[in-house]
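Novice: First the structure, then my questions, so here it is.
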Amino acid sequence: MNYRILGKTGLKVSEIGLGAAQIGNAKVPESQAEQVLLRALDAGVNFIDTAAMYGESEARIGKFISHRRDEFILATKCGDYTDAAGKIVKDYTREGILRTVDESRKKLRMDTIDIVQFHGLPGERDDVQAAFEALLEAKQKGWTKFVGVSHDGEAAARAVEQWPLDTQEFTYNLLYQEAEDNLLPALQRRNMGTIIKRPIANAVWQRTARPPDGFHRGPWDRAQTFPLRDLAGEMPLTEFALRFTLSHPGVCTAIVGTTNPDHVEANARLSDARLLPDDVLQRAKNAL
């Protein structure tokens, strides 16, 4: 496993991280979730991304790998959470943010979480200043070492300019390269820790039919006119997509989610510090 420094945090993170959203699904057996987590650590993956909104994810992480706490760095999110009925609730009030972070600490079995990020940005009806002050208060209380936001685009870049944040989680992949222009430059100037979500665009090229949900439909539509196979040559598409994301010098870690322990190990094996050639990267950018 190759490791990179997560910007100003100074944390040494695996360049391929584990997205733990899917293992939070109650339909995924606990034994399977446990194997995903354990096999990730055994493969050298030391960065895990979760959220209060991801169902059972935080509780399962606390249950199955808290005894290996010194082997991983964890980022969770607040602002959105799943209530007892399984409903997603948005709460960017001071009380809601601090309560959610404290509950995450208990579920994760951690006195101090490595990173807590907003799961998006406060809405128009929210008191934005109070929300960010609450996030920073969690850091002052020692509940988290570092804070950030998980959001795409120019609004995320403005948040970085207005508040003393440490990390940013956002979308960057072959099919969605916009962050190169509207976000990555601002983050690099401030030495922000960058966490890439959807680095393989949810592997939408594996789907033969147009997805019914908007989450997958957008990247699937882009993939239909994108010359993925021509660009990748003999390289498997998932490998090519992941290497594209990791080839950007501003990327610290790319998180890939799965419920298959074998996929965890296969992804980890791609971490060998090999970057795509400059001419291939340029062709991919021109194609978009």
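The chains in the structure tokens are called A, B, ... from first to last as shown; in each chain the residues are counted from 1, and the ligands are counted from 1 in the order shown.
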So that I can check the surroundings of segment 78-93 of chain A, please list as a PyMOL selection string every protein, DNA and RNA residue that reaches within 9 Å of it, counting only C-alpha atoms and ignoring chain neighbours fewer than 4 positions away.

Specialist: chain A and resi 51-55+97-98+100-101+104+116-123+126-128+130-132+134-135

Novice: Residues of the last selection are to be written out with C-alpha atoms, as a CSV table (one decimal), in the first residue's frame.

Specialist:
```csv
chain,number,residue,atom,x,y,z
A,51,ALA,CA,-21.1,9.1,8.4
A,52,ALA,CA,-23.9,9.4,10.9
A,53,MET,CA,-26.3,9.0,7.9
A,54,TYR,CA,-24.9,5.6,6.9
A,55,GLY,CA,-27.2,3.4,9.0
A,97,ILE,CA,-24.3,19.1,15.3
A,98,LEU,CA,-22.8,18.6,18.8
A,100,THR,CA,-24.6,14.0,16.4
A,101,VAL,CA,-20.8,14.1,16.9
A,104,SER,CA,-20.8,9.1,16.7
A,116,VAL,CA,-15.5,15.2,11.4
A,117,GLN,CA,-17.0,16.8,8.3
A,118,PHE,CA,-20.3,18.4,7.4
A,119,HIS,CA,-22.3,16.0,5.2
A,120,GLY,CA,-22.8,18.8,2.7
A,121,LEU,CA,-23.3,22.5,3.6
A,122,PRO,CA,-25.9,24.2,5.8
A,123,GLY,CA,-29.0,25.2,3.9
A,126,ASP,CA,-29.8,27.5,8.5
A,127,ASP,CA,-27.6,29.8,10.6
A,128,VAL,CA,-24.4,29.1,8.7
A,130,ALA,CA,-23.6,29.0,14.1
A,131,ALA,CA,-23.3,25.7,12.3
A,132,PHE,CA,-19.6,26.2,11.5
A,134,ALA,CA,-20.4,24.3,16.4
A,135,LEU,CA,-18.2,22.2,14.1
```

Novice: Considering only C-alpha atoms, give me a table of residues in segment 160-265 of chain A that are at most 12 Å from segment 276-287 of chain A, with the closest atom pair and distance in Å for each, as a tab-separated table.

Specialist:
```
residue	atom	partner	partner_atom	distance
A:Asn173	CA	A:Ala284	CA	10.4
A:Leu174	CA	A:Ala284	CA	7.2
A:Leu175	CA	A:Ala284	CA	9.2
A:Tyr176	CA	A:Lys285	CA	10.0
A:Gln177	CA	A:Lys285	CA	7.6
A:Glu178	CA	A:Lys285	CA	10.0
A:Glu180	CA	A:Lys285	CA	10.0
A:Asp181	CA	A:Lys285	CA	11.7
A:Arg222	CA	A:Ala287	CA	10.9
A:Ala223	CA	A:Ala287	CA	11.0
A:Thr225	CA	A:Ala287	CA	9.2
A:Phe226	CA	A:Ala287	CA	6.7
A:Pro227	CA	A:Ala287	CA	7.2
A:Leu228	CA	A:Ala284	CA	8.5
A:Arg229	CA	A:Ala284	CA	11.1
A:Asp230	CA	A:Ala284	CA	9.9
A:Leu231	CA	A:Ala284	CA	6.8
A:Ala232	CA	A:Val280	CA	8.6
A:Gly233	CA	A:Val280	CA	10.3
A:Met235	CA	A:Leu276	CA	11.0
A:Glu239	CA	A:Leu276	CA	10.7
A:Phe240	CA	A:Leu276	CA	8.3
A:Ala241	CA	A:Leu276	CA	10.1
A:Leu242	CA	A:Leu276	CA	10.1
A:Arg243	CA	A:Leu276	CA	6.5
A:Phe244	CA	A:Leu276	CA	6.4
A:Thr245	CA	A:Leu276	CA	9.5
A:Leu246	CA	A:Leu276	CA	8.8
A:Ser247	CA	A:Leu276	CA	6.2
A:His248	CA	A:Leu281	CA	9.2
A:Pro249	CA	A:Leu276	CA	11.7
```

Novice: Using only C-alpha atoms, which residues sit within 8 Å of Arg210 of chain A once same-chain residues fewer than 6 positions away are excluded, as a list in words?

Specialist: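 So the residues in contact are Arg217, Trp220 and Asp221 of chain A.
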
Novice: Restricted to N, CA and C atoms, what would the selected residues look like written as a PDB file, in the first residue's frame?

Specialist:
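Generated file (selection16.pdb):
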```pdb
ATOM      1  N   ARG A 217     -27.652   7.618 -12.672  1.00  0.00           N
ATOM      2  CA  ARG A 217     -28.032   7.937 -14.047  1.00  0.00           C
ATOM      3  C   ARG A 217     -27.110   8.980 -14.669  1.00  0.00           C
ATOM      4  N   TRP A 220     -23.790   7.472 -15.635  1.00  0.00           N
ATOM      5  CA  TRP A 220     -24.043   6.476 -16.693  1.00  0.00           C
ATOM      6  C   TRP A 220     -24.230   7.180 -18.028  1.00  0.00           C
ATOM      7  N   ASP A 221     -24.975   8.285 -18.026  1.00  0.00           N
ATOM      8  CA  ASP A 221     -25.187   9.041 -19.269  1.00  0.00           C
ATOM      9  C   ASP A 221     -23.860   9.570 -19.815  1.00  0.00           C
TER      10      ASP A 221
END
```

Novice: Report the residues of segment 11-169 of chain A whose backbone DSSP state falls under alpha helix (DSSP H), written as an MDAnalysis selection string.

Specialist: chainID A and resid 30:42 57:65 94:108 128:140 154:162

Novice: Compare A:Leu74, A:Arg39, A:Pro236, A:Arg68 by their minimum atom-to-atom distance to Ala203 of chain A, counting only C-alpha atoms, and give me the closest one.

Specialist: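 Using only C-alpha atoms, Ala203 of chain A sits closest to A:Pro236.
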
Novice: What separation in Å, quoted to one decimal, exists between atom CA of Gly19 of chain A and atom CA of Thr258 of chain A?

Specialist: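 Between atom CA of Gly19 of chain A and atom CA of Thr258 of chain A the gap is 7.3 Å.
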
Novice: Let's see if you can do this: from backbone DSSP, list all strand (DSSP E) residues in segment 22-150 of chain A, as a list in words.

Specialist: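 In segment 22-150 of chain A, DSSP puts these residues in strand (DSSP E): Phe47, Ile48, Asp49, Ile73, Leu74, Ala75, Thr76, Lys77, Cys78, Asp80, Tyr81, Thr82, Ile88, Val89, Lys90, Ile113, Asp114, Ile115, Val116, Gln117, Phe118, Thr144, Lys145, Phe146, Val147, Gly148, Val149 and Ser150 of chain A.
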
Novice: Can you tell me, as a PDB file with C-alpha atoms, in the first residue's frame, what residues are no more than 8 Å from Gly257 of chain A when counting only C-alpha atoms, ignoring any on the same chain fewer than 5 positions away?

Specialist:
```pdb
ATOM      1  CA  LEU A  18     -12.526   2.342   2.394  1.00  0.00           C
ATOM      2  CA  GLY A  19     -15.927   3.953   1.974  1.00  0.00           C
ATOM      3  CA  ALA A  20     -18.062   2.427   4.718  1.00  0.00           C
ATOM      4  CA  ALA A  21     -21.516   3.555   3.569  1.00  0.00           C
ATOM      5  CA  GLN A  22     -22.540   0.225   2.067  1.00  0.00           C
TER       6      GLN A  22
END
```

Novice: Give me the residues within 9 Å of Ile65 of chain A as a PyMOL selection string, counting only C-alpha atoms and dropping any in the same chain fewer than 5 places off.

Specialist: chain A and resi 34+37-38+41+60

Novice: Got time to write the residues from that selection, C-alpha atoms, as an mmCIF file, in the first residue's frame?

Specialist:
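Result saved to result05.cif:
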```cif
data_model
loop_
_atom_site.group_PDB
_atom_site.id
_atom_site.type_symbol
_atom_site.label_atom_id
_atom_site.label_comp_id
_atom_site.auth_asym_id
_atom_site.auth_seq_id
_atom_site.Cartn_x
_atom_site.Cartn_y
_atom_site.Cartn_z
ATOM 1 C CA GLU A 34 -16.856 -7.438 9.754
ATOM 2 C CA LEU A 37 -13.383 -4.047 7.711
ATOM 3 C CA LEU A 38 -10.846 -6.633 8.855
ATOM 4 C CA LEU A 41 -6.927 -3.290 7.620
ATOM 5 C CA ARG A 60 -20.289 -1.755 13.122
#
```

Novice: Write out as an NGL selection string each polymer residue whose atoms come within 9 Å of Thr9 of chain A, counting only C-alpha atoms; drop sequence neighbours fewer than 5 positions from it.

Specialist: :A and (145-146 or 166-167 or 191-193)

Novice: Pick out the residues sitting within 9 Å of Ile16 of chain A, and hand them over as a list in words; count only C-alpha atoms, and ignore anything fewer than 5 positions along from it in its own chain.

Specialist: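 In the requested form, the answer reads Met1, Asn2, Tyr3, Val45, Asn46, Phe47, Leu242, Leu246, Cys252, Thr253, Ala254, Ile255, Val256, Asn267, Ala268, Leu270 and Ser271 of chain A.
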
Novice: Ranking A:Asp42, A:Glu265, A:Asp111, A:Glu30 by minimum distance to Ser66 of chain A and counting only C-alpha atoms, which one comes first?

Specialist: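 Smallest separation from Ser66 of chain A among the options: A:Asp111.
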
Novice: Nearest to Pro164 of chain A: which of A:Lys8, A:Ala59, A:Gly214, A:Pro261 is it, counting only C-alpha atoms?

Specialist: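 Closest to Pro164 of chain A of all the choices is A:Lys8.
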
Novice: Could you check the closest approach to Val264 of chain A for each of A:Thr112, A:Pro29, A:Ala43, A:Glu15 and tell me which residue wins, using only C-alpha atoms?

Specialist: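 Under the stated criterion, the closest residue is A:Ala43.
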
Novice: State, in Å with one decimal place, the distance from atom CA of Lys141 of chain A to atom CA of Asp102 of chain A.

Specialist: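 Atom-to-atom, atom CA of Lys141 of chain A and atom CA of Asp102 of chain A are spaced 10.5 Å apart.
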
Novice: Quick one: distance from atom CA of Gly250 of chain A to atom CA of Asp70 of chain A in Å, one decimal?

Specialist: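 Going from atom CA of Gly250 of chain A over to atom CA of Asp70 of chain A, I get 26.2 Å.
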